[in-house]
Structures are given as structure tokens and as C-alpha cells.
>>> print(open('coords_5.cif').read())   # mmCIF, C-alpha atoms and all ligand atoms
data_coords
#
loop_
_atom_site.label_atom_id
_atom_site.label_comp_id
_atom_site.auth_asym_id
_atom_site.auth_seq_id
_atom_site.Cartn_x
_atom_site.Cartn_y
_atom_site.Cartn_z
CA MET A 1314 -89.06 -183.47 -216.23
CA THR A 1315 -89.25 -180.07 -214.56
CA ALA A 1316 -92.56 -178.36 -213.79
CA PRO A 1317 -93.52 -175.38 -215.98
CA LEU A 1318 -92.46 -172.02 -214.57
CA PRO A 1319 -95.12 -169.82 -212.98
CA PRO A 1320 -96.03 -167.11 -215.53
CA LYS A 1321 -94.64 -164.25 -213.42
CA VAL A 1322 -91.33 -166.09 -213.10
CA ALA A 1323 -91.18 -166.59 -216.87
CA VAL A 1324 -91.86 -162.86 -217.35
CA ALA A 1325 -89.13 -161.91 -214.88
CA VAL A 1326 -86.63 -164.27 -216.54
CA ALA A 1327 -87.35 -162.75 -219.94
CA ALA A 1328 -86.87 -159.23 -218.57
CA LEU A 1329 -83.32 -159.84 -217.28
CA GLU A 1330 -80.43 -158.14 -219.04
CA SER A 1331 -78.06 -160.36 -220.94
CA PRO A 1332 -75.96 -162.22 -219.89
CA ALA A 1333 -78.52 -162.98 -217.20
CA SER A 1334 -77.41 -163.98 -213.74
CA ALA A 1335 -80.02 -163.52 -211.06
CA TRP A 1336 -81.88 -164.65 -208.02
CA LEU A 1337 -85.66 -164.20 -208.22
CA TYR A 1338 -87.67 -164.16 -204.99
CA ASP A 1339 -91.43 -164.39 -204.52
CA PRO A 1340 -92.39 -163.59 -200.90
CA GLY A 1341 -95.91 -164.84 -201.67
CA ALA A 1342 -94.54 -168.36 -202.11
CA LEU A 1343 -93.20 -168.19 -198.55
CA THR A 1344 -96.51 -167.01 -197.14
CA ALA A 1345 -98.34 -169.81 -199.00
CA ARG A 1346 -96.04 -172.37 -197.35
CA LEU A 1347 -96.56 -170.65 -194.01
CA ALA A 1348 -100.33 -171.00 -194.43
CA ALA A 1349 -99.87 -174.72 -195.10
CA VAL A 1350 -97.86 -175.14 -191.88
CA ARG A 1351 -100.48 -173.24 -189.88
CA ALA A 1352 -103.27 -175.38 -191.35
CA ALA A 1353 -101.42 -178.57 -190.39
CA LEU A 1354 -100.33 -177.34 -186.94
CA PRO A 1355 -103.09 -174.96 -185.81
CA GLU A 1356 -102.08 -175.02 -182.13
CA TRP A 1357 -98.44 -174.19 -182.80
CA THR A 1358 -96.47 -170.98 -182.82
CA VAL A 1359 -94.55 -170.74 -186.11
CA LEU A 1360 -91.23 -168.88 -186.21
CA TYR A 1361 -89.27 -168.42 -189.47
CA ALA A 1362 -85.63 -169.55 -189.32
CA MET A 1363 -84.22 -166.67 -191.34
CA LYS A 1364 -80.85 -168.21 -192.16
CA ALA A 1365 -82.60 -170.22 -194.91
CA CYS A 1366 -83.26 -167.02 -196.86
CA ALA A 1367 -82.68 -163.49 -195.58
CA ASN A 1368 -83.65 -161.60 -198.74
CA PRO A 1369 -85.19 -158.40 -197.33
CA ALA A 1370 -88.55 -158.86 -199.11
CA VAL A 1371 -88.80 -162.48 -198.00
CA LEU A 1372 -87.78 -161.54 -194.46
CA ALA A 1373 -90.33 -158.72 -194.39
CA ALA A 1374 -93.11 -161.15 -195.41
CA ALA A 1375 -92.01 -163.60 -192.71
CA ALA A 1376 -91.84 -160.82 -190.11
CA ARG A 1377 -95.38 -159.88 -191.00
CA TYR A 1378 -97.05 -163.26 -191.33
CA ALA A 1379 -95.09 -165.64 -189.08
CA ASP A 1380 -95.31 -165.32 -185.30
CA GLY A 1381 -91.68 -164.30 -185.10
CA ILE A 1382 -88.18 -164.82 -186.47
CA GLU A 1383 -85.56 -167.33 -185.35
CA CYS A 1384 -82.06 -165.85 -185.54
CA ALA A 1385 -78.74 -167.68 -185.43
CA SER A 1386 -76.30 -164.76 -185.14
CA GLY A 1387 -76.02 -161.24 -183.84
CA GLY A 1388 -76.29 -159.99 -187.43
CA GLU A 1389 -79.54 -161.88 -187.95
CA LEU A 1390 -80.89 -160.52 -184.67
CA ALA A 1391 -80.33 -156.97 -185.92
CA ALA A 1392 -81.82 -157.72 -189.37
CA ALA A 1393 -84.93 -159.33 -187.89
CA GLN A 1394 -85.46 -156.32 -185.64
CA THR A 1395 -85.12 -153.99 -188.62
CA ALA A 1396 -87.61 -156.14 -190.56
CA GLY A 1397 -90.17 -155.49 -187.84
CA ALA A 1398 -90.49 -158.95 -186.30
CA ALA A 1399 -92.91 -159.04 -183.37
CA ARG A 1400 -90.73 -161.48 -181.45
CA LEU A 1401 -87.43 -163.23 -181.80
CA ALA A 1402 -85.74 -166.45 -180.84
CA PHE A 1403 -81.95 -166.40 -180.64
CA SER A 1404 -80.09 -169.68 -181.29
CA GLY A 1405 -76.60 -170.58 -182.45
CA PRO A 1406 -73.65 -172.28 -180.79
CA ALA A 1407 -71.16 -169.38 -180.93
CA LYS A 1408 -72.93 -166.44 -179.37
CA THR A 1409 -70.34 -163.83 -178.43
CA PRO A 1410 -70.56 -161.68 -175.31
CA ALA A 1411 -71.62 -158.80 -177.58
CA ASP A 1412 -74.38 -160.95 -179.13
CA LEU A 1413 -75.74 -161.83 -175.70
CA ALA A 1414 -75.58 -158.20 -174.61
CA ALA A 1415 -77.52 -157.27 -177.76
CA ALA A 1416 -80.19 -159.84 -176.86
CA ALA A 1417 -80.39 -158.37 -173.35
CA SER A 1418 -80.94 -154.85 -174.68
CA SER A 1419 -83.37 -155.82 -177.46
CA THR A 1420 -86.59 -153.84 -177.45
CA THR A 1421 -88.26 -156.66 -179.40
CA PRO A 1422 -89.14 -159.59 -177.10
CA VAL A 1423 -86.53 -162.32 -177.46
CA CYS A 1424 -86.31 -165.87 -176.15
CA VAL A 1425 -82.69 -167.01 -175.95
CA HIS A 1426 -82.08 -170.64 -176.89
CA VAL A 1427 -79.17 -171.27 -174.60
CA GLU A 1428 -76.46 -173.60 -175.88
CA SER A 1429 -74.17 -173.70 -172.83
CA GLY A 1430 -73.73 -172.57 -169.23
CA ARG A 1431 -71.38 -169.81 -170.38
CA GLU A 1432 -74.25 -168.07 -172.17
CA LEU A 1433 -76.29 -168.02 -168.95
CA ASP A 1434 -73.55 -166.12 -167.12
CA HIS A 1435 -73.41 -163.44 -169.83
CA LEU A 1436 -77.19 -163.11 -169.93
CA ALA A 1437 -77.36 -162.69 -166.15
CA ALA A 1438 -74.46 -160.23 -166.14
CA ASN A 1439 -76.28 -158.14 -168.76
CA GLY A 1440 -79.50 -158.14 -166.76
CA PHE A 1441 -81.45 -160.15 -169.35
CA THR A 1442 -85.08 -160.36 -168.21
CA GLY A 1443 -86.61 -162.36 -171.09
CA PRO A 1444 -87.24 -166.10 -171.22
CA VAL A 1445 -84.52 -168.67 -171.81
CA ALA A 1446 -84.97 -172.15 -173.28
CA LEU A 1447 -82.21 -174.73 -172.85
CA ARG A 1448 -81.10 -176.40 -176.04
CA VAL A 1449 -80.94 -180.14 -175.54
CA ASN A 1450 -78.98 -182.51 -177.74
CA ARG A 1451 -81.07 -185.61 -177.16
CA GLY A 1452 -78.89 -188.19 -178.86
CA ARG A 1453 -81.59 -189.47 -181.22
CA ALA A 1454 -81.07 -189.59 -184.97
CA LEU A 1455 -83.77 -188.49 -187.40
CA PRO A 1456 -83.81 -189.05 -191.16
CA GLY A 1457 -82.77 -185.89 -193.01
CA THR A 1458 -79.83 -184.31 -194.78
CA HIS A 1459 -78.30 -182.62 -191.72
CA ARG A 1460 -78.49 -184.29 -188.33
CA MET A 1461 -77.79 -182.15 -185.31
CA THR A 1462 -78.37 -185.04 -182.91
CA GLY A 1463 -77.62 -188.76 -182.88
CA ALA A 1464 -73.87 -188.16 -183.29
CA PRO A 1465 -71.53 -185.77 -181.47
CA THR A 1466 -72.26 -182.22 -182.70
CA PRO A 1467 -71.53 -178.81 -181.13
CA PHE A 1468 -75.23 -178.01 -180.79
CA GLY A 1469 -76.88 -177.75 -177.39
CA MET A 1470 -76.15 -179.75 -174.28
CA ASP A 1471 -76.42 -183.34 -173.15
CA GLU A 1472 -79.55 -184.06 -171.13
CA ASP A 1473 -77.69 -183.99 -167.80
CA ALA A 1474 -75.89 -180.78 -168.71
CA ALA A 1475 -79.18 -179.16 -169.76
CA LEU A 1476 -80.74 -180.01 -166.41
CA ALA A 1477 -77.69 -178.65 -164.58
CA ALA A 1478 -77.96 -175.52 -166.74
CA ALA A 1479 -81.62 -175.16 -165.75
CA ALA A 1480 -80.61 -175.18 -162.08
CA ARG A 1481 -77.85 -172.67 -162.74
CA ALA A 1482 -80.18 -170.38 -164.70
CA LEU A 1483 -82.71 -170.43 -161.86
CA ALA A 1484 -79.96 -169.67 -159.34
CA LEU A 1485 -78.88 -166.72 -161.50
CA GLY A 1486 -82.44 -165.40 -161.40
CA LEU A 1487 -83.12 -166.04 -165.09
CA ASP A 1488 -86.61 -166.90 -166.36
CA VAL A 1489 -86.42 -170.54 -167.46
CA ALA A 1490 -89.34 -171.16 -169.83
CA GLY A 1491 -88.51 -174.52 -171.35
CA PHE A 1492 -86.47 -176.43 -173.88
CA HIS A 1493 -85.30 -176.18 -177.47
CA LEU A 1494 -84.83 -179.46 -179.36
CA HIS A 1495 -83.90 -178.60 -182.97
CA ALA A 1496 -82.64 -181.92 -184.34
CA VAL A 1497 -82.61 -182.17 -188.13
CA SER A 1498 -82.87 -180.44 -191.48
CA ASN A 1499 -84.80 -181.59 -194.54
CA CYS A 1500 -86.74 -184.41 -192.90
CA LEU A 1501 -89.12 -185.78 -195.54
CA ASP A 1502 -90.50 -188.55 -193.31
CA ALA A 1503 -93.70 -187.27 -191.65
CA ALA A 1504 -93.97 -190.24 -189.27
CA ALA A 1505 -90.39 -189.80 -188.08
CA TYR A 1506 -90.90 -186.07 -187.58
CA ALA A 1507 -94.11 -186.73 -185.61
CA ALA A 1508 -92.18 -189.17 -183.41
CA HIS A 1509 -89.56 -186.46 -182.80
CA VAL A 1510 -92.28 -184.02 -181.74
CA THR A 1511 -94.04 -186.50 -179.46
CA ASP A 1512 -90.76 -187.51 -177.86
CA ALA A 1513 -89.60 -183.88 -177.45
CA LEU A 1514 -92.83 -182.92 -175.68
CA ALA A 1515 -92.84 -185.91 -173.34
CA TRP A 1516 -89.16 -185.50 -172.49
CA SER A 1517 -89.58 -181.78 -171.80
CA ALA A 1518 -92.57 -182.29 -169.52
CA ALA A 1519 -90.74 -184.96 -167.53
CA ALA A 1520 -87.51 -182.92 -167.37
CA ALA A 1521 -89.25 -179.79 -166.10
CA THR A 1522 -91.25 -181.59 -163.40
CA GLY A 1523 -90.03 -180.56 -159.96
CA ARG A 1524 -87.60 -178.04 -161.46
CA PHE A 1525 -89.59 -175.23 -163.06
CA ASP A 1526 -92.97 -174.48 -164.58
CA LEU A 1527 -92.79 -175.58 -168.24
CA ARG A 1528 -94.16 -172.88 -170.56
CA TYR A 1529 -92.25 -173.40 -173.82
CA VAL A 1530 -91.19 -176.33 -175.97
CA ASN A 1531 -89.54 -175.60 -179.31
CA VAL A 1532 -89.06 -178.68 -181.50
CA GLY A 1533 -86.86 -176.77 -183.98
CA GLY A 1534 -87.03 -176.72 -187.75
CA GLY A 1535 -86.37 -179.52 -190.18
CA LEU A 1536 -89.63 -179.81 -192.11
CA GLY A 1537 -88.38 -181.26 -195.37
CA ALA A 1538 -88.34 -179.44 -198.72
CA ASP A 1539 -85.77 -181.08 -200.91
CA PRO A 1540 -84.15 -178.86 -203.55
CA ARG A 1541 -85.10 -181.50 -206.14
CA GLY A 1542 -88.77 -180.85 -205.31
CA ASP A 1543 -89.99 -183.38 -202.67
CA VAL A 1544 -91.64 -181.95 -199.57
CA ILE A 1545 -92.73 -183.48 -196.27
CA ASP A 1546 -96.41 -184.48 -196.29
CA LEU A 1547 -97.94 -182.03 -193.81
CA ASP A 1548 -101.32 -183.81 -193.85
CA ALA A 1549 -99.56 -187.02 -192.84
CA LEU A 1550 -97.69 -185.11 -190.12
CA ALA A 1551 -100.94 -183.65 -188.78
CA ALA A 1552 -102.59 -187.09 -188.86
CA ALA A 1553 -99.64 -188.74 -187.10
CA LEU A 1554 -99.67 -186.06 -184.38
CA GLY A 1555 -103.43 -186.32 -183.83
CA ASP A 1556 -104.20 -184.46 -180.61
CA THR A 1557 -100.72 -184.83 -179.13
CA ALA A 1558 -100.54 -181.06 -178.59
CA ALA A 1559 -103.82 -180.73 -176.69
CA PRO A 1560 -102.76 -181.66 -173.13
CA TYR A 1561 -99.68 -179.43 -173.35
CA ARG A 1562 -101.67 -176.50 -174.65
CA ALA A 1563 -104.26 -177.08 -171.93
CA ALA A 1564 -101.44 -176.94 -169.37
CA GLY A 1565 -100.32 -173.57 -170.73
CA VAL A 1566 -97.27 -174.76 -172.65
CA GLU A 1567 -96.52 -172.86 -175.85
CA LEU A 1568 -95.50 -175.25 -178.63
CA VAL A 1569 -93.13 -173.82 -181.20
CA VAL A 1570 -91.85 -174.97 -184.57
CA GLU A 1571 -89.24 -172.94 -186.47
CA PRO A 1572 -88.93 -174.08 -190.09
CA GLY A 1573 -86.59 -172.34 -192.50
CA ARG A 1574 -86.15 -174.57 -195.50
CA TYR A 1575 -89.80 -175.59 -195.88
CA LEU A 1576 -90.95 -171.96 -195.93
CA ALA A 1577 -88.20 -170.52 -198.14
CA ALA A 1578 -87.42 -173.27 -200.65
CA ALA A 1579 -90.29 -172.52 -203.02
CA ALA A 1580 -89.72 -168.75 -202.84
CA GLY A 1581 -86.47 -168.60 -204.84
CA TRP A 1582 -85.30 -169.32 -208.40
CA TYR A 1583 -81.71 -169.09 -209.61
CA VAL A 1584 -81.27 -167.98 -213.22
CA ALA A 1585 -78.05 -168.38 -215.21
CA GLU A 1586 -77.59 -167.65 -218.91
CA VAL A 1587 -75.69 -170.06 -221.12
CA VAL A 1588 -72.46 -168.40 -222.35
CA ASP A 1589 -71.04 -171.35 -224.24
CA VAL A 1590 -71.80 -174.94 -225.22
CA LYS A 1591 -69.22 -177.49 -226.25
CA SER A 1592 -68.26 -181.14 -226.17
CA VAL A 1593 -65.07 -182.21 -224.36
CA ALA A 1594 -63.95 -185.85 -224.25
CA GLY A 1595 -67.41 -186.93 -225.38
CA GLN A 1596 -69.26 -184.96 -222.68
CA ALA A 1597 -71.62 -182.10 -223.61
CA PHE A 1598 -71.12 -178.98 -221.49
CA ALA A 1599 -73.04 -175.78 -221.00
CA VAL A 1600 -71.05 -173.04 -219.28
CA VAL A 1601 -73.14 -170.34 -217.64
CA ARG A 1602 -72.81 -166.75 -216.38
CA GLY A 1603 -72.85 -167.59 -212.68
CA GLY A 1604 -72.43 -170.93 -210.97
CA THR A 1605 -71.88 -172.39 -207.56
CA HIS A 1606 -70.50 -169.11 -206.13
CA HIS A 1607 -74.09 -167.82 -206.47
CA PHE A 1608 -75.85 -171.12 -205.84
CA ARG A 1609 -73.62 -173.37 -203.79
CA LEU A 1610 -76.21 -175.92 -202.68
CA PRO A 1611 -75.80 -178.46 -205.54
CA ALA A 1612 -72.02 -178.51 -205.03
CA ALA A 1613 -72.31 -178.58 -201.23
CA TRP A 1614 -74.64 -181.57 -201.33
CA GLY A 1615 -73.35 -183.19 -204.52
CA TYR A 1616 -76.62 -183.49 -206.38
CA ALA A 1617 -77.88 -182.37 -209.82
CA HIS A 1618 -80.34 -179.48 -209.45
CA PRO A 1619 -83.07 -179.78 -212.13
CA PHE A 1620 -83.47 -176.81 -214.45
CA ALA A 1621 -85.91 -175.48 -217.05
CA VAL A 1622 -84.66 -173.94 -220.29
CA VAL A 1623 -86.03 -170.55 -221.35
CA PRO A 1624 -84.81 -170.13 -224.95
CA GLY A 1625 -83.14 -166.79 -225.64
CA PRO A 1626 -81.93 -165.26 -228.85
CA ARG A 1627 -79.57 -168.08 -229.77
CA THR A 1628 -76.19 -166.51 -230.45
CA GLY A 1629 -73.98 -169.54 -231.02
CA PRO A 1630 -73.85 -173.25 -231.69
CA VAL A 1631 -76.96 -175.26 -230.76
CA LEU A 1632 -76.56 -178.47 -228.82
CA GLU A 1633 -79.32 -180.90 -229.79
CA ASP A 1634 -80.84 -183.81 -227.89
CA ALA A 1635 -77.94 -184.14 -225.48
CA GLU A 1636 -77.33 -184.92 -221.85
CA VAL A 1637 -75.60 -181.75 -220.79
CA ARG A 1638 -73.44 -180.99 -217.76
CA VAL A 1639 -74.09 -177.46 -216.52
CA CYS A 1640 -70.98 -175.73 -215.18
CA GLY A 1641 -70.36 -172.24 -213.85
CA GLU A 1642 -67.74 -169.62 -214.64
CA LEU A 1643 -65.27 -170.59 -211.91
CA CYS A 1644 -61.87 -172.16 -212.64
CA THR A 1645 -62.59 -175.37 -210.74
CA PRO A 1646 -64.11 -178.65 -211.88
CA ARG A 1647 -66.34 -178.53 -208.79
CA ASP A 1648 -68.36 -175.63 -210.19
CA VAL A 1649 -71.19 -177.90 -211.36
CA LEU A 1650 -74.89 -177.07 -210.99
CA ASN A 1651 -76.13 -180.20 -212.73
CA GLY A 1652 -73.94 -183.16 -213.69
CA GLY A 1653 -76.25 -184.31 -216.49
CA GLN A 1654 -79.73 -183.40 -217.65
CA ARG A 1655 -81.22 -184.21 -221.06
CA VAL A 1656 -82.12 -181.17 -223.19
CA ALA A 1657 -83.90 -181.04 -226.54
CA ALA A 1658 -81.80 -178.03 -227.59
CA LEU A 1659 -79.48 -175.61 -225.85
CA ALA A 1660 -77.43 -172.66 -227.07
CA PRO A 1661 -75.66 -169.54 -225.82
CA GLY A 1662 -78.32 -166.96 -224.94
CA ASP A 1663 -80.68 -169.54 -223.39
CA ARG A 1664 -81.50 -169.06 -219.73
CA LEU A 1665 -81.49 -171.92 -217.24
CA VAL A 1666 -83.93 -171.60 -214.35
CA PHE A 1667 -83.41 -173.60 -211.17
CA ALA A 1668 -86.61 -173.75 -209.09
CA ASN A 1669 -87.01 -174.68 -205.40
CA ALA A 1670 -83.70 -172.93 -204.75
CA GLY A 1671 -84.82 -170.32 -202.22
CA ALA A 1672 -83.54 -172.05 -199.08
CA TYR A 1673 -79.81 -172.12 -198.39
CA GLY A 1674 -79.15 -170.94 -201.96
CA TRP A 1675 -77.58 -167.49 -202.21
CA GLU A 1676 -77.21 -167.42 -198.40
CA ILE A 1677 -74.55 -170.14 -198.26
CA SER A 1678 -72.65 -169.12 -201.40
CA HIS A 1679 -69.04 -167.96 -201.74
CA ASP A 1680 -69.41 -165.14 -204.25
CA ARG A 1681 -66.01 -163.48 -203.70
CA PHE A 1682 -64.15 -166.26 -205.51
CA LEU A 1683 -62.77 -165.02 -208.88
CA GLY A 1684 -64.32 -161.55 -208.62
CA HIS A 1685 -67.11 -162.06 -211.13
CA PRO A 1686 -70.04 -159.65 -210.82
CA GLY A 1687 -72.74 -160.78 -208.41
CA PRO A 1688 -76.22 -161.88 -209.41
CA ASP A 1689 -79.13 -159.46 -209.76
CA LEU A 1690 -81.48 -159.82 -206.81
CA VAL A 1691 -85.02 -159.45 -208.10
CA VAL A 1692 -88.29 -159.53 -206.15
CA ILE A 1693 -91.24 -160.69 -208.25
CA ASP A 1694 -94.04 -160.02 -205.83
C1 LIG B 1 -81.26 -173.92 -189.20
C2 LIG B 1 -82.12 -173.97 -188.01
C3 LIG B 1 -83.50 -174.08 -188.16
C4 LIG B 1 -84.18 -174.25 -189.49
O1 LIG B 1 -83.92 -175.49 -190.03
P1 LIG B 1 -84.65 -175.92 -191.41
O2 LIG B 1 -84.12 -177.27 -191.67
O3 LIG B 1 -84.25 -174.92 -192.42
O4 LIG B 1 -86.10 -175.93 -191.15
C5 LIG B 1 -84.28 -174.04 -187.01
N1 LIG B 1 -83.71 -173.93 -185.80
C6 LIG B 1 -82.38 -173.84 -185.62
C7 LIG B 1 -81.82 -173.73 -184.26
C8 LIG B 1 -81.55 -173.87 -186.71
O5 LIG B 1 -80.22 -173.80 -186.53
#
>>> encode(input="coords_5.cif", output="C-alpha cells", more="lines below")
Ligand SMILES: *Cc1c(COP(=O)(O)O)cnc(C)c1O
Amino acid sequence: MTAPLPPKVAVAVAALESPASAWLYDPGALTARLAAVRAALPEWTVLYAMKACANPAVLAAAARYADGIECASGGELAAAQTAGAARLAFSGPAKTPADLAAAASSTTPVCVHVESGRELDHLAANGFTGPVALRVNRGRALPGTHRMTGAPTPFGMDEDAALAAAARALALGLDVAGFHLHAVSNCLDAAAYAAHVTDALAWSAAAATGRFDLRYVNVGGGLGADPRGDVIDLDALAAALGDTAAPYRAAGVELVVEPGRYLAAAAGWYVAEVVDVKSVAGQAFAVVRGGTHHFRLPAAWGYAHPFAVVPGPRTGPVLEDAEVRVCGELCTPRDVLNGGQRVAALAPGDRLVFANAGAYGWEISHDRFLGHPGPDLVVID
């Protein structure tokens, strides 16, 4: 049911102290995914959206091998600079005056993805000399788990407002480079993603005509990598795009994609040791050291994250041939990592390993709740 663990992951799991509770990160898995994106989109600039996974080793690999880092907060901007990124993009709908001042004084080149007219005023007041791209909320829906467009969301500006913002930015003396059209997360449909790209490019070229010289179109992130294992077919994406990029590149437009999930998902494993097994009201349970306060994604989305069992020294009752519900150590019935997966045998001391957990795993978790010790953070390079 679940793929075998890579040998170095199995070794790292075995080396954890008991009761094990850990995140394992392999920066090499991120760079392998990055290579796949570059192979499929050779004419594109690839930025890493660091909010998917900001583990320092993973971020360092992205800073080194991606073209730059996409940041969504002032804190991320500082971390990406520290990690040595060659260039930055700064997005996010709640940039404070201090965040915008930090962008203006950055010694690393930064393109600000502007979400409103207010941001332009702060950038101009701080003497920002870098490029700005206007974030457009185009009102189209794309298949995926999180849609930023196609329904009212606080991200970006309506088309008319974006064009008015372009005029305002030019009047303020800012360098308007283009548009930012991040629209979706976890899109597994290559044809739909290709249509988004084609549409974003055509809209941007038309919108810039007669207003400013278009140099930059950023289609956002959203390349799908589902935590249950499915990924977007990059060959199909490349085939669907054909030579769509060529005329834009020939006209001097930089084309940018900024995936987070697709790059980070395969680079992280969550490990939780079974503390107890029992049956309550006919349901088999495994209770682990850890839970959704370390790995919130399954609870946030309401799905069962598949796991592999690494048998430990079995120190208690053994559950045999059962469909087990895996729960964490929190005092809430919502602390469920997997609502039911069949196991041949399971006992206290066994370690459960959740693969494809690197994106939006530890980053989105609420580890203060109940005051349990945090997970070990282990790099298995
Ligand atoms: C989160 C985010 C991304 C990355 O999205 P993924 O679905 O992880 O690829 C890219 N751009 C912006 C503006 C974002 O907010």
C-alpha cells in the first residue's frame, strides 16, 4: 500500500531515540524535484516558495539551486536573505509598512508582488528602486485544493484595479515590470495548469500594451504534489505548453513559476512512535508520541495520510491484522493522522513513517497546544 522507505530514511528512523517523534528532511529530494521542473520548463525562471518548507537545510538547497526564493512575510524575507538567495520575490496580502521598508533596503535584489495600491505608496515613500509586479486576481477557477481565484479572496486585485495600480505605480516613479498571477495550490491537472499559463501570458501581454514595457510574468505556484502521493504530470504539462513561451521569451519577457509544494513534498517524512494500542467501541486505535500539532496537514484537510510501519522492540500488546486509527497525544478527537489503515501487526515501540509530508507539514502546525516536547528535526542529506 505504501512505497518502501528509501534506505537512508529507514536508517534515520532506526537511529531515533525512543519514544521517537521527528521530522526527517532530505534536501536532495527537493533538488531532484527542482531538476524535474527545469527539464519540463527549460525557458522558465524557477523560484522556491519557501512557506511550503523552511527547514534551514532545505532552504539552503533551494537558495543554491533554484533561481531565487519567493517569500510571503517579512520573516521569510529575512530568512531567505540569510540562506543566501540570489534574488527574492516578496508576496503576501498583509505586508506591513516595516515589511515594505525592509524590501526597499534589501541588498539582495527583490521583486515586490504588489497586492494593493497601499503597498505602492509605502514602496515609493521608502525609495524602493527594484521591480514591482502587480498581483492580479483574474476570477478564473482552477482545479486544486486551494483556490486563490474564481471566488472572492483577499489575494491581489481585480483586473481593473491592477491596471489602475499600474498607472499609479508609474506616476510614483516605480519600475513596473509585469504581473503576478498565482491562482491555485496542488493542481494535479496538467492540461488545466497549462491553460492557466497560456491565459496568464496572453492576458499580461494585452494588459501591458500601451501602458508599460512587459518584462515579467509570474504564473505563481500550484504544481500539484498531493500528500497521498499523486503528482502533476510534468511531461504532460510540457507537451500541453508546447512552444507557448517562445514568443514571450523572444520579446524579452522573463517567465517565472514559483512552486512550493511540488518541490518540498517529497523532501520530508514525519515519524511518530506508537505509545499504546487498544480497542474502544470496536475500533482499533494506535496512539502515538506526536500527532497533528507536529503534522497538521491531515487534520487540516481531513484525509488519511498513508504510513509505513517500522517495527521496533515491541513493548506491549500487539494488534494483529486490524484497520487501525492513528491518533496523536492531544486531548481532542480531532488529533487524527489516519482514520483507518490496515496493518498486519502493530505494537507500542513501532514507528510510523508518513512520507510525502515535507510541504505544509511542520510549517503549518500548532505545536504549543498541550506543551508536549517538540519533534526532533533531522537532516538526512
Ligand atoms: C503559497 C504560494 C506559492 C506556492 O504555492 P504551492 O501550491 O505550494 O506551489 C506561490 N506563490 C504564492 C504567492 C504563494 O502564496
>>> residues_near_ligand(input="coords_5.cif", ligand="ligand LIG 1 (chain B)", cutoff="10 Å", atoms="all atoms listed in the file", output="ChimeraX atom specification")
/A:1360-1366,1383-1386,1402-1406,1426,1428,1448,1457-1461,1468-1469,1493-1500,1531-1538,1570-1578,1672-1673
>>> residues_around(input="coords_5.cif", residues="region 1581-1596 of chain A", least_positions_apart="5", cutoff="9 Å", atoms="only C-alpha atoms", output="PyMOL selection string")
chain A and resi 1322+1326+1331-1340+1342+1366+1601-1604+1607-1608+1625+1629-1632+1636-1639+1641+1659-1672+1674-1675+1688
>>> closest_atom_pairs(input="coords_5.cif", of="region 1417-1528 of chain A", to="region 1544-1565 of chain A", cutoff="10 Å", atoms="all atoms listed in the file", output="tab-separated table")
residue	atom	partner	partner_atom	distance
A:Asn1499	CA	A:Ile1545	CA	8.3
A:Cys1500	CA	A:Ile1545	CA	6.9
A:Leu1501	CA	A:Ile1545	CA	4.3
A:Asp1502	CA	A:Ile1545	CA	6.3
A:Ala1503	CA	A:Leu1550	CA	4.8
A:Ala1504	CA	A:Ala1553	CA	6.3
A:Ala1505	CA	A:Leu1550	CA	8.9
A:Tyr1506	CA	A:Leu1550	CA	7.3
A:Ala1507	CA	A:Leu1554	CA	5.7
A:Ala1508	CA	A:Leu1554	CA	8.2
A:Val1510	CA	A:Leu1554	CA	8.1
A:Thr1511	CA	A:Thr1557	CA	6.9
A:Leu1514	CA	A:Tyr1561	CA	8.0
A:Ala1515	CA	A:Tyr1561	CA	9.4
A:Ala1518	CA	A:Tyr1561	CA	8.6
A:Asp1526	CA	A:Gly1565	CA	9.6
A:Leu1527	CA	A:Gly1565	CA	8.2
A:Arg1528	CA	A:Gly1565	CA	6.2
>>> residues_around(input="coords_5.cif", residues="Arg1647 (chain A)", least_positions_apart="6", cutoff="12 Å", atoms="all atoms listed in the file", output="list in words")
Gly1604, Thr1605, His1606, Arg1609, Leu1610, Pro1611, Ala1612, Ala1613, Trp1614, Gly1615, Tyr1616, Arg1638, Val1639, Cys1640 and Gly1641 of chain A
>>> residues_around(input="coords_5.cif", residues="Ala1490 (chain A)", least_positions_apart="5", cutoff="9 Å", atoms="all atoms listed in the file", output="MDAnalysis selection string")
chainID A and resid 1424 1444:1447 1525:1530
>>> decode(input="coords_5.cif", residues="region 1620-1655 of chain A", atoms="C-alpha atoms", output="PDB file, in the first residue's frame")
ATOM      1  CA  PHE A1620       2.076   5.437   6.704  1.00  0.00           C
ATOM      2  CA  ALA A1621       4.697   2.684   6.727  1.00  0.00           C
ATOM      3  CA  VAL A1622       5.380   0.659   9.869  1.00  0.00           C
ATOM      4  CA  VAL A1623       8.977   0.247  11.040  1.00  0.00           C
ATOM      5  CA  PRO A1624       8.779  -2.435  13.747  1.00  0.00           C
ATOM      6  CA  GLY A1625      10.559  -1.510  16.973  1.00  0.00           C
ATOM      7  CA  PRO A1626      11.250  -3.524  20.073  1.00  0.00           C
ATOM      8  CA  ARG A1627       7.634  -4.380  20.805  1.00  0.00           C
ATOM      9  CA  THR A1628       6.980  -3.384  24.403  1.00  0.00           C
ATOM     10  CA  GLY A1629       3.262  -4.038  24.771  1.00  0.00           C
ATOM     11  CA  PRO A1630       0.206  -5.685  23.295  1.00  0.00           C
ATOM     12  CA  VAL A1631       0.336  -6.498  19.566  1.00  0.00           C
ATOM     13  CA  LEU A1632      -2.598  -5.575  17.388  1.00  0.00           C
ATOM     14  CA  GLU A1633      -2.919  -8.091  14.548  1.00  0.00           C
ATOM     15  CA  ASP A1634      -4.497  -7.754  11.110  1.00  0.00           C
ATOM     16  CA  ALA A1635      -6.564  -4.721  12.015  1.00  0.00           C
ATOM     17  CA  GLU A1636      -7.729  -1.496  10.458  1.00  0.00           C
ATOM     18  CA  VAL A1637      -6.205   0.969  12.865  1.00  0.00           C
ATOM     19  CA  ARG A1638      -6.995   4.622  13.501  1.00  0.00           C
ATOM     20  CA  VAL A1639      -3.809   6.558  14.245  1.00  0.00           C
ATOM     21  CA  CYS A1640      -4.275   9.309  16.827  1.00  0.00           C
ATOM     22  CA  GLY A1641      -1.867  11.735  18.444  1.00  0.00           C
ATOM     23  CA  GLU A1642      -1.221  12.687  22.060  1.00  0.00           C
ATOM     24  CA  LEU A1643      -3.585  15.679  22.186  1.00  0.00           C
ATOM     25  CA  CYS A1644      -6.794  15.707  24.236  1.00  0.00           C
ATOM     26  CA  THR A1645      -9.073  16.221  21.242  1.00  0.00           C
ATOM     27  CA  PRO A1646     -10.807  13.724  18.971  1.00  0.00           C
ATOM     28  CA  ARG A1647      -9.554  15.768  16.005  1.00  0.00           C
ATOM     29  CA  ASP A1648      -5.963  14.688  16.589  1.00  0.00           C
ATOM     30  CA  VAL A1649      -6.100  12.020  13.871  1.00  0.00           C
ATOM     31  CA  LEU A1650      -3.293  11.351  11.391  1.00  0.00           C
ATOM     32  CA  ASN A1651      -5.029   8.452   9.672  1.00  0.00           C
ATOM     33  CA  GLY A1652      -8.665   7.460  10.229  1.00  0.00           C
ATOM     34  CA  GLY A1653      -8.123   3.840   9.185  1.00  0.00           C
ATOM     35  CA  GLN A1654      -5.295   1.895   7.581  1.00  0.00           C
ATOM     36  CA  ARG A1655      -4.929  -1.890   7.586  1.00  0.00           C
TER      37      ARG A1655
END
